[in-house]
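> Just one file: run.cif, with mmCIF, C-alpha atoms.
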```cif
data_structure
loop_
_atom_site.label_atom_id
_atom_site.label_comp_id
_atom_site.auth_asym_id
_atom_site.auth_seq_id
_atom_site.Cartn_x
_atom_site.Cartn_y
_atom_site.Cartn_z
CA MET A 4 21.36 73.29 -6.56
CA THR A 5 20.44 74.60 -3.17
CA GLN A 6 22.94 76.72 -1.32
CA ARG A 7 22.91 77.78 2.33
CA ILE A 8 23.68 81.46 2.99
CA PRO A 9 24.50 82.40 6.59
CA VAL A 10 22.69 85.59 7.58
CA VAL A 11 22.70 86.07 11.37
CA GLU A 12 20.94 89.42 11.31
CA LYS A 13 18.56 90.70 13.97
CA ILE A 14 15.01 90.81 12.61
CA LEU A 15 14.46 94.35 13.81
CA SER A 16 17.80 95.68 12.58
CA ALA A 17 16.14 98.15 10.18
CA ASN A 18 14.15 99.63 13.06
CA ASP A 19 17.28 99.71 15.21
CA ARG A 20 19.14 101.67 12.52
CA LEU A 21 16.35 104.25 12.26
CA ALA A 22 16.26 104.50 16.04
CA LEU A 23 19.92 105.50 15.97
CA GLU A 24 19.10 108.26 13.47
CA ASN A 25 16.36 109.52 15.77
CA GLN A 26 18.76 109.52 18.68
CA ALA A 27 21.25 111.53 16.62
CA CYS A 28 18.53 114.19 16.09
CA PHE A 29 17.91 114.41 19.84
CA ASP A 30 21.65 114.51 20.55
CA ALA A 31 22.27 117.27 18.01
CA ALA A 32 19.56 119.40 19.65
CA GLY A 33 20.75 118.57 23.18
CA VAL A 34 17.34 117.17 24.09
CA LEU A 35 16.94 114.22 26.46
CA ALA A 36 14.37 111.76 25.11
CA LEU A 37 12.42 109.28 27.23
CA ASN A 38 10.25 106.35 26.14
CA PHE A 39 7.28 105.94 28.53
CA MET A 40 5.80 102.46 28.48
CA ALA A 41 3.03 100.84 30.51
CA SER A 42 -0.13 98.80 30.31
CA PRO A 43 -3.31 100.75 29.45
CA GLY A 44 -4.55 102.65 32.47
CA ALA A 45 -1.35 102.49 34.51
CA GLY A 46 -1.12 106.28 34.53
CA LYS A 47 1.36 107.29 31.82
CA THR A 48 -0.62 110.39 30.91
CA SER A 49 -1.25 111.27 34.56
CA LEU A 50 2.47 111.05 35.28
CA ILE A 51 3.15 113.23 32.25
CA GLU A 52 0.63 115.81 33.50
CA GLN A 53 2.33 115.83 36.90
CA THR A 54 5.72 116.13 35.20
CA VAL A 55 4.66 119.03 32.97
CA LYS A 56 3.16 120.86 35.95
CA GLY A 57 6.15 120.16 38.16
CA LEU A 58 8.72 121.32 35.62
CA ARG A 59 6.81 124.29 34.21
CA GLY A 60 8.97 127.39 34.25
CA HIS A 61 12.14 125.29 34.70
CA LEU A 62 12.26 123.05 31.64
CA ARG A 63 10.68 123.03 28.20
CA LEU A 64 8.90 119.80 27.49
CA GLY A 65 7.78 118.23 24.21
CA MET A 66 5.51 115.22 23.95
CA ILE A 67 4.95 112.56 21.34
CA ASN A 68 1.83 110.54 22.17
CA GLY A 69 1.17 107.20 20.57
CA ASP A 70 -2.29 105.70 20.59
CA ILE A 71 -4.33 103.51 18.33
CA ALA A 72 -6.92 106.27 18.00
CA THR A 73 -7.94 109.73 19.33
CA SER A 74 -5.79 112.69 20.39
CA MET A 75 -7.02 112.68 24.00
CA ASP A 76 -3.57 112.12 25.48
CA ALA A 77 -1.89 114.83 23.41
CA ASP A 78 -4.75 117.17 24.37
CA ARG A 79 -4.19 116.43 28.06
CA ALA A 80 -0.43 117.02 27.75
CA GLN A 81 -1.04 120.22 25.79
CA ALA A 82 -3.55 121.45 28.37
CA ALA A 83 -0.93 120.88 31.07
CA GLY A 84 1.51 123.08 29.14
CA ALA A 85 3.61 120.84 26.88
CA THR A 86 4.07 120.98 23.12
CA ALA A 87 2.42 117.76 21.98
CA ILE A 88 2.29 115.73 18.76
CA GLN A 89 -0.19 112.87 18.51
CA ILE A 90 0.61 109.75 16.50
CA ASN A 91 -2.31 107.45 15.71
CA THR A 92 -0.88 104.04 14.94
CA GLY A 93 -4.11 102.93 13.28
CA GLY A 94 -4.14 99.59 15.05
CA ASP A 95 -0.44 98.95 15.59
CA CYS A 96 0.24 97.87 19.13
CA HIS A 97 3.45 99.85 19.57
CA LEU A 98 5.36 102.86 18.27
CA ASP A 99 8.32 102.19 16.02
CA ALA A 100 11.28 104.28 14.93
CA VAL A 101 9.61 105.36 11.65
CA MET A 102 6.56 106.80 13.43
CA VAL A 103 8.81 108.67 15.85
CA GLN A 104 10.91 110.04 12.99
CA THR A 105 7.76 111.53 11.43
CA ALA A 106 6.78 113.09 14.75
CA ILE A 107 10.25 114.54 15.40
CA ALA A 108 9.99 116.40 12.10
CA GLN A 109 6.95 118.23 13.48
CA LEU A 110 8.64 119.28 16.72
CA ASP A 111 11.05 122.21 17.02
CA LEU A 112 13.67 120.43 19.11
CA THR A 113 15.79 123.58 19.42
CA VAL A 114 13.32 125.09 21.90
CA LEU A 115 13.03 121.97 24.08
CA ASP A 116 14.99 120.38 26.94
CA LEU A 117 13.08 117.11 27.24
CA VAL A 118 10.93 114.99 24.94
CA ILE A 119 8.70 112.30 26.42
CA ILE A 120 7.39 109.71 24.00
CA GLU A 121 4.28 108.07 25.36
CA ASN A 122 4.12 104.61 23.83
CA VAL A 123 0.94 102.64 23.16
CA GLY A 124 -0.42 101.05 26.34
CA ASN A 125 0.90 97.50 26.11
CA LEU A 126 3.46 95.47 28.07
CA VAL A 127 4.54 93.25 25.18
CA CYS A 128 5.36 94.86 21.85
CA PRO A 129 6.83 98.26 22.81
CA ALA A 130 9.71 96.45 24.53
CA GLU A 131 10.91 95.08 21.20
CA PHE A 132 10.98 98.29 19.16
CA LYS A 133 13.69 100.85 19.89
CA LEU A 134 12.66 104.44 19.22
CA GLY A 135 15.93 106.30 19.62
CA THR A 136 15.24 107.54 23.14
CA HIS A 137 18.05 107.80 25.69
CA LYS A 138 16.16 106.14 28.52
CA SER A 139 13.03 104.07 28.93
CA VAL A 140 10.65 104.41 31.82
CA LEU A 141 8.06 101.83 32.79
CA VAL A 142 4.98 102.99 34.66
CA ALA A 143 3.55 100.11 36.69
CA SER A 144 0.51 100.46 38.91
CA ILE A 145 -0.74 98.71 42.02
CA PRO A 146 -4.13 97.49 40.66
CA GLU A 147 -2.40 95.67 37.78
CA GLY A 148 -1.17 93.10 40.28
CA ASP A 149 2.18 92.04 41.69
CA ASP A 150 2.82 89.28 39.12
CA LYS A 151 3.52 91.52 36.14
CA PRO A 152 7.35 91.25 36.18
CA TYR A 153 6.96 87.46 35.96
CA LYS A 154 4.46 87.66 33.11
CA TYR A 155 6.18 90.36 31.06
CA PRO A 156 9.91 89.79 31.64
CA GLY A 157 10.91 91.46 28.35
CA MET A 158 9.35 94.75 29.40
CA TYR A 159 10.70 94.76 32.95
CA ARG A 160 14.18 93.83 31.75
CA GLY A 161 14.78 96.64 29.33
CA VAL A 162 13.88 99.78 31.27
CA ASN A 163 16.10 102.32 33.04
CA ALA A 164 13.53 103.51 35.56
CA LEU A 165 10.37 102.11 37.08
CA VAL A 166 7.61 104.31 38.43
CA ILE A 167 5.14 102.39 40.61
CA ASN A 168 1.96 104.44 40.46
CA LYS A 169 -1.30 104.42 42.47
CA ILE A 170 0.37 103.57 45.78
CA ASP A 171 -2.60 105.29 47.44
CA LEU A 172 -4.53 102.11 46.54
CA LEU A 173 -2.22 99.77 48.48
CA PRO A 174 -4.61 99.48 51.47
CA TYR A 175 -7.46 98.40 49.18
CA VAL A 176 -5.99 95.82 46.80
CA PRO A 177 -3.92 92.68 47.42
CA PHE A 178 -0.39 93.52 46.27
CA ARG A 179 2.71 91.82 47.66
CA MET A 180 5.39 94.47 47.23
CA ASP A 181 8.14 91.98 48.24
CA PHE A 182 7.06 89.50 45.57
CA PHE A 183 6.83 92.25 42.94
CA LYS A 184 10.28 93.61 43.81
CA GLN A 185 11.86 90.16 43.89
CA GLY A 186 10.88 89.67 40.24
CA ILE A 187 12.36 93.05 39.36
CA GLN A 188 15.55 92.22 41.24
CA VAL A 189 16.09 89.17 39.02
CA LEU A 190 15.17 90.86 35.75
CA ASN A 191 16.62 94.31 36.23
CA PRO A 192 18.83 94.53 39.33
CA GLY A 193 19.39 98.01 40.67
CA VAL A 194 16.87 99.71 38.36
CA THR A 195 15.91 103.17 39.64
CA GLN A 196 12.49 102.98 41.29
CA PHE A 197 9.88 105.50 42.40
CA ALA A 198 6.73 104.80 44.37
CA VAL A 199 4.20 107.50 43.54
CA SER A 200 0.56 108.43 43.45
CA CYS A 201 -0.27 110.76 40.59
CA ARG A 202 -3.64 111.37 42.25
CA THR A 203 -2.36 112.53 45.65
CA GLY A 204 1.04 113.75 44.46
CA GLU A 205 2.92 111.48 46.88
CA GLY A 206 6.43 110.63 45.68
CA ILE A 207 6.27 112.90 42.63
CA SER A 208 8.99 115.22 43.93
CA SER A 209 11.60 112.40 43.95
CA TRP A 210 10.66 111.54 40.38
CA LEU A 211 11.02 115.19 39.30
CA GLU A 212 14.37 115.50 41.06
CA TRP A 213 15.67 112.42 39.26
CA LEU A 214 14.43 113.75 35.93
CA GLN A 215 16.10 117.13 36.43
CA LYS A 216 19.33 115.43 37.44
CA GLU A 217 19.21 113.24 34.31
CA ILE A 218 18.67 116.26 32.07
CA LYS A 219 21.51 118.15 33.71
CA GLU A 220 23.89 115.20 33.30
CA PHE A 221 22.79 114.72 29.71
CA LYS A 222 23.44 118.36 28.84
CA LYS A 223 26.88 118.15 30.41
CA GLY A 224 27.52 115.31 27.94
CA MET B 22 0.48 91.44 17.76
CA HIS B 23 3.21 93.12 15.75
CA GLU B 24 3.95 90.15 13.54
CA LEU B 25 3.16 91.97 10.30
CA SER B 26 6.04 94.44 10.70
CA VAL B 27 8.25 91.61 11.96
CA THR B 28 7.42 89.49 8.91
CA GLU B 29 8.12 92.41 6.58
CA SER B 30 11.55 92.76 8.17
CA ILE B 31 12.25 89.05 7.74
CA LEU B 32 11.36 89.29 4.04
CA GLU B 33 13.50 92.39 3.53
CA ILE B 34 16.55 90.83 5.22
CA ALA B 35 16.20 87.53 3.34
CA ILE B 36 15.83 89.16 -0.08
CA ARG B 37 18.76 91.51 0.56
CA HIS B 38 21.07 88.61 1.45
CA ALA B 39 19.85 86.48 -1.46
CA GLN B 40 20.40 89.28 -3.95
CA ALA B 41 23.86 89.99 -2.59
CA GLN B 42 24.72 86.40 -3.57
CA LYS B 43 22.90 86.80 -6.91
CA ALA B 44 20.62 83.90 -5.96
CA GLY B 45 17.47 83.02 -7.88
CA ASN B 46 14.88 81.88 -5.35
CA ILE B 47 14.77 81.55 -1.59
CA THR B 48 13.49 78.11 -0.56
CA ASP B 49 13.99 78.06 3.22
CA LEU B 50 14.47 80.54 6.06
CA TYR B 51 15.91 79.59 9.46
CA LEU B 52 14.70 81.81 12.30
CA VAL B 53 15.89 81.73 15.89
CA ILE B 54 13.39 83.00 18.44
CA GLY B 55 13.97 83.10 22.18
CA GLN B 56 11.17 82.19 24.59
CA TRP B 57 11.17 85.73 25.99
CA SER B 58 10.85 87.31 22.55
CA SER B 59 7.19 88.05 22.03
CA VAL B 60 6.68 86.54 18.58
CA VAL B 61 4.04 84.01 17.57
CA ASP B 62 5.14 81.50 14.92
CA ASP B 63 1.67 80.95 13.48
CA SER B 64 1.07 84.67 12.94
CA VAL B 65 4.42 85.10 11.20
CA GLN B 66 3.57 82.14 8.97
CA PHE B 67 0.14 83.64 8.22
CA TYR B 68 1.60 86.99 7.14
CA TRP B 69 4.49 85.30 5.35
CA ASP B 70 2.18 83.46 2.96
CA ILE B 71 0.59 86.79 2.01
CA ILE B 72 3.55 89.16 1.80
CA SER B 73 6.05 86.77 0.16
CA GLU B 74 3.67 86.44 -2.81
CA GLY B 75 5.24 87.88 -5.95
CA THR B 76 8.78 87.94 -4.50
CA ILE B 77 11.76 85.59 -4.92
CA ALA B 78 10.83 84.17 -1.51
CA LYS B 79 7.33 83.06 -2.53
CA GLY B 80 6.50 79.67 -1.06
CA ALA B 81 9.70 79.50 0.97
CA LYS B 82 9.46 77.40 4.11
CA LEU B 83 9.92 79.07 7.48
CA HIS B 84 11.79 77.06 10.11
CA PHE B 85 11.48 78.27 13.68
CA ARG B 86 14.09 77.30 16.22
CA ARG B 87 12.79 78.15 19.66
CA VAL B 88 15.34 78.80 22.40
CA ILE B 89 14.17 78.32 25.96
CA THR B 90 15.03 80.89 28.61
CA GLU B 91 17.98 79.92 30.75
CA LEU B 92 19.30 81.94 33.67
CA ILE B 93 22.67 81.61 35.39
CA CYS B 94 23.04 82.41 39.07
CA GLN B 95 26.03 84.72 39.54
CA ASP B 96 26.41 83.70 43.17
CA CYS B 97 26.50 79.89 42.97
CA GLY B 98 26.87 79.30 39.22
CA ARG B 99 23.70 77.21 38.86
CA GLY B 100 22.01 77.31 35.43
CA TYR B 101 18.21 76.99 35.48
CA GLN B 102 14.95 77.74 33.75
CA PRO B 103 12.86 80.36 35.56
CA GLY B 104 9.59 79.24 37.12
CA SER B 105 6.43 81.17 36.31
CA GLU B 106 5.98 82.40 39.90
CA ASN B 107 9.58 82.34 41.02
CA MET B 108 12.67 83.39 39.11
CA ASN B 109 15.13 83.09 41.99
CA CYS B 110 17.96 80.57 41.86
CA PRO B 111 16.54 77.16 42.91
CA GLN B 112 19.86 76.23 44.54
CA CYS B 113 20.79 79.23 46.69
CA GLY B 114 17.68 81.41 46.39
CA GLY B 115 19.77 84.26 44.98
CA THR B 116 18.46 86.97 42.69
CA ASN B 117 21.81 87.96 41.21
CA VAL B 118 21.33 86.27 37.85
CA LYS B 119 22.30 86.71 34.22
CA ILE B 120 20.13 85.77 31.28
CA LYS B 121 22.01 83.25 29.18
CA THR B 122 19.45 82.48 26.49
CA GLY B 123 15.85 83.28 25.64
CA GLU B 124 16.05 86.76 24.12
CA GLU B 125 17.23 85.76 20.63
CA PHE B 126 15.40 87.10 17.62
CA PHE B 127 17.30 86.77 14.37
CA LEU B 128 17.45 85.22 10.93
CA GLU B 129 20.22 82.65 11.07
CA ALA B 130 20.43 81.50 7.45
CA ILE B 131 18.55 81.08 4.21
CA ASP B 132 18.62 78.39 1.54
CA VAL B 133 18.63 79.64 -2.04
CA GLU B 134 18.49 78.15 -5.51
CA GLU B 135 20.79 79.47 -8.17
#
```
Represent the structure from my file as structure tokens, please.

Amino acid sequence: MTQRIPVVEKILSANDRLALENQACFDAAGVLALNFMASPGAGKTSLIEQTVKGLRGHLRLGMINGDIATSMDADRAQAAGATAIQINTGGDCHLDAVMVQTAIAQLDLTVLDLVIIENVGNLVCPAEFKLGTHKSVLVASIPEGDDKPYKYPGMYRGVNALVINKIDLLPYVPFRMDFFKQGIQVLNPGVTQFAVSCRTGEGISSWLEWLQKEIKEFKKG
Amino acid sequence: MHELSVTESILEIAIRHAQAQKAGNITDLYLVIGQWSSVVDDSVQFYWDIISEGTIAKGAKLHFRRVITELICQDCGRGYQPGSENMNCPQCGGTNVKIKTGEEFFLEAIDVEE
């Protein structure tokens, strides 16, 4: 006899549960956690370097870097002055809550104000896996093209802030800012946006101001 | 690309629910996957055949119900499917929209044998 059992359970519910545990760790330590996502080469690590430099002396920053291989990104963050833990996913295309849990155990959260988790460069999978961060930030970049919101709606939908990097290249590549922003308006209306160039430093101060404001509000509870 | 971990989750959820009902074998799984969820049926099936081996779900059939993305314009009420190069409302051109369907990703039910 065959019997039908109703389940109705989200496939990634186990990951979601672990993500909540991670978030509880950050909350208990009073540390704001951010999930940085982007395609490879958009400038996640460059933005992190600018952030570490800009906040040095004001805020204590910890980094968790996810990559398929190498510790180059953690090394760059460390060189800029952050405490950094590298996770090598060994082929996985995204970080998940378990990997982050392992990394948290290696960080002394009590001496930090902010933890940035740099996800694997990919616009598809990281959007599906919660990590336990308080906010997600998407780093987009001009040379990627203006059609990305339309091609990767899941990623553009779920983020709290969007940093548009490499604006110094706008005169050299075809990029319809109106078209790009129209897609964002549909998917994620009112999302906080920053236009920056990590190379020239343009726009970085607004990003740092926002970040400091977020940390202050978070600490107030 | 992350279908292995997804498939492992599907197996874990199915077995947990089957065992809670003291069922013998799982014969069918009914999955609901929205168009905007980035999951590939064929890859899940590929991993399923490997990882379900040796479990009470071995050989169970996976049924995929795909849900297309539908948006609702909050200004004029029009429901529509987004175009690939234009997601604005086709009726009023508005961008104030809600996503009605397309982001589902869950296991709806399983069939078990006693």
> How close does each residue of chain B get to chain A, giving the shortest atom pair and distance in Å to one decimal for every residue with an atom at most 7 Å away, counting all atoms listed in the file, sorted by chain and residue number, as a tab-separated table?

```
residue	atom	partner	partner_atom	distance
B:Met22	CA	A:Cys96	CA	6.6
B:His23	CA	A:Cys96	CA	6.5
B:Val27	CA	A:Ile14	CA	6.8
B:Ser30	CA	A:Ile14	CA	6.0
B:Ile31	CA	A:Ile14	CA	5.9
B:Trp57	CA	A:Gly157	CA	6.2
B:Ser59	CA	A:Val127	CA	6.6
B:Ser105	CA	A:Tyr153	CA	6.3
B:Glu106	CA	A:Tyr153	CA	6.5
B:Met108	CA	A:Gly186	CA	6.6
B:Asn109	CA	A:Val189	CA	6.8
B:Thr116	CA	A:Val189	CA	4.9
B:Asn117	CA	A:Val189	CA	6.2
B:Val118	CA	A:Val189	CA	6.1
B:Phe126	CA	A:Lys13	CA	6.0
B:Phe127	CA	A:Lys13	CA	4.1
B:Leu128	CA	A:Val11	CA	5.3
B:Glu129	CA	A:Val11	CA	4.2
B:Ala130	CA	A:Pro9	CA	4.3
B:Ile131	CA	A:Ile8	CA	5.3
B:Asp132	CA	A:Arg7	CA	4.4
B:Val133	CA	A:Gln6	CA	5.3
B:Glu134	CA	A:Thr5	CA	4.7
B:Glu135	CA	A:Met4	CA	6.4
```
> Enclose all atoms of segment 81-85 of chain B listed in the file in an axis-aligned box, grow every side by 5 Å, and hand back centre and edge lengths in Å to one decimal, as lines of an AutoDock Vina configuration file.

```
center_x = 10.6
center_y = 78.3
center_z = 7.3
size_x = 12.3
size_y = 12.4
size_z = 22.7
```
> So what do you get for atom CA of Leu117 of chain A versus atom CA of Ile207 of chain A, distance-wise?
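If I compute the distance from atom CA of Leu117 of chain A to atom CA of Ile207 of chain A, I get 17.3 Å.
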> Using all atoms listed in the file, which protein or nucleic acid residues come within 9 Å of Trp69 of chain B? Drop anything in the same chain fewer than 6 positions from it, and give the result as a VMD selection string.
chain B and resid 25 28 to 29 31 to 32 79 to 81 83
> Would you kindly translate the PyMOL selection byres ((chain A and resi 166) around 12) into the concrete residues it picks from this file, as a PyMOL selection string?
chain A and resi 39-41+45-47+49-51+139-145+159+162-165+167-170+194-201+206-207+209-211+213-214
> Can you work out the spacing between atom CA of Val88 of chain B and atom CA of Glu33 of chain B in Å, to one decimal?
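For atom CA of Val88 of chain B relative to atom CA of Glu33 of chain B, the distance reads 23.3 Å.
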> Convert the output of the PyMOL selection byres ((chain B and resi 39-42) around 9) on the shown file into explicit residues, formatted as a PyMOL selection string.
(chain A and resi 8) or (chain B and resi 34-38+43-47+77+131-133)
> With the PyMOL selection byres ((chain A and resi 103) around 9) as the selection, what would be picked from this file? Answer as number ranges by chain, please.
A: 22, 25, 67, 90, 98-102, 104-108, 120, 134-135
> Any idea what the distance is between atom CA of Lys56 of chain A and atom CA of Leu37 of chain A?
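Distance reported for this atom pair: 17.2 Å.
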> Have a look at B:Ile71, B:Val53, B:Leu92, B:Cys110 and name the one nearest to Glu125 of chain B; count only C-alpha atoms.
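Smallest distance to Glu125 of chain B is found for B:Val53.
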> Can you pull out every residue within 9 Å of Tyr101 of chain B, counting all atoms listed in the file, but drop anything in the same chain fewer than 5 positions away, and send it as number ranges by chain?
B: 90-94, 110-111
> Write the residues of the preceding selection, restricted to C-alpha atoms, as a tab-separated table (two decimals), in the frame of the given file.

```
chain	number	residue	atom	x	y	z
B	90	THR	CA	15.03	80.89	28.61
B	91	GLU	CA	17.98	79.92	30.75
B	92	LEU	CA	19.30	81.94	33.67
B	93	ILE	CA	22.67	81.61	35.39
B	94	CYS	CA	23.04	82.41	39.07
B	110	CYS	CA	17.96	80.57	41.86
B	111	PRO	CA	16.54	77.16	42.91
```
> Env of Pro146 of chain A: 8 Å cut, atoms = all atoms listed in the file, seq-sep filter 3 positions within chain, self excluded. Answer as a list of chain:residue names.
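Using all atoms listed in the file, the neighbours found are A:Lys169, A:Leu172, A:Val176, A:Phe178.
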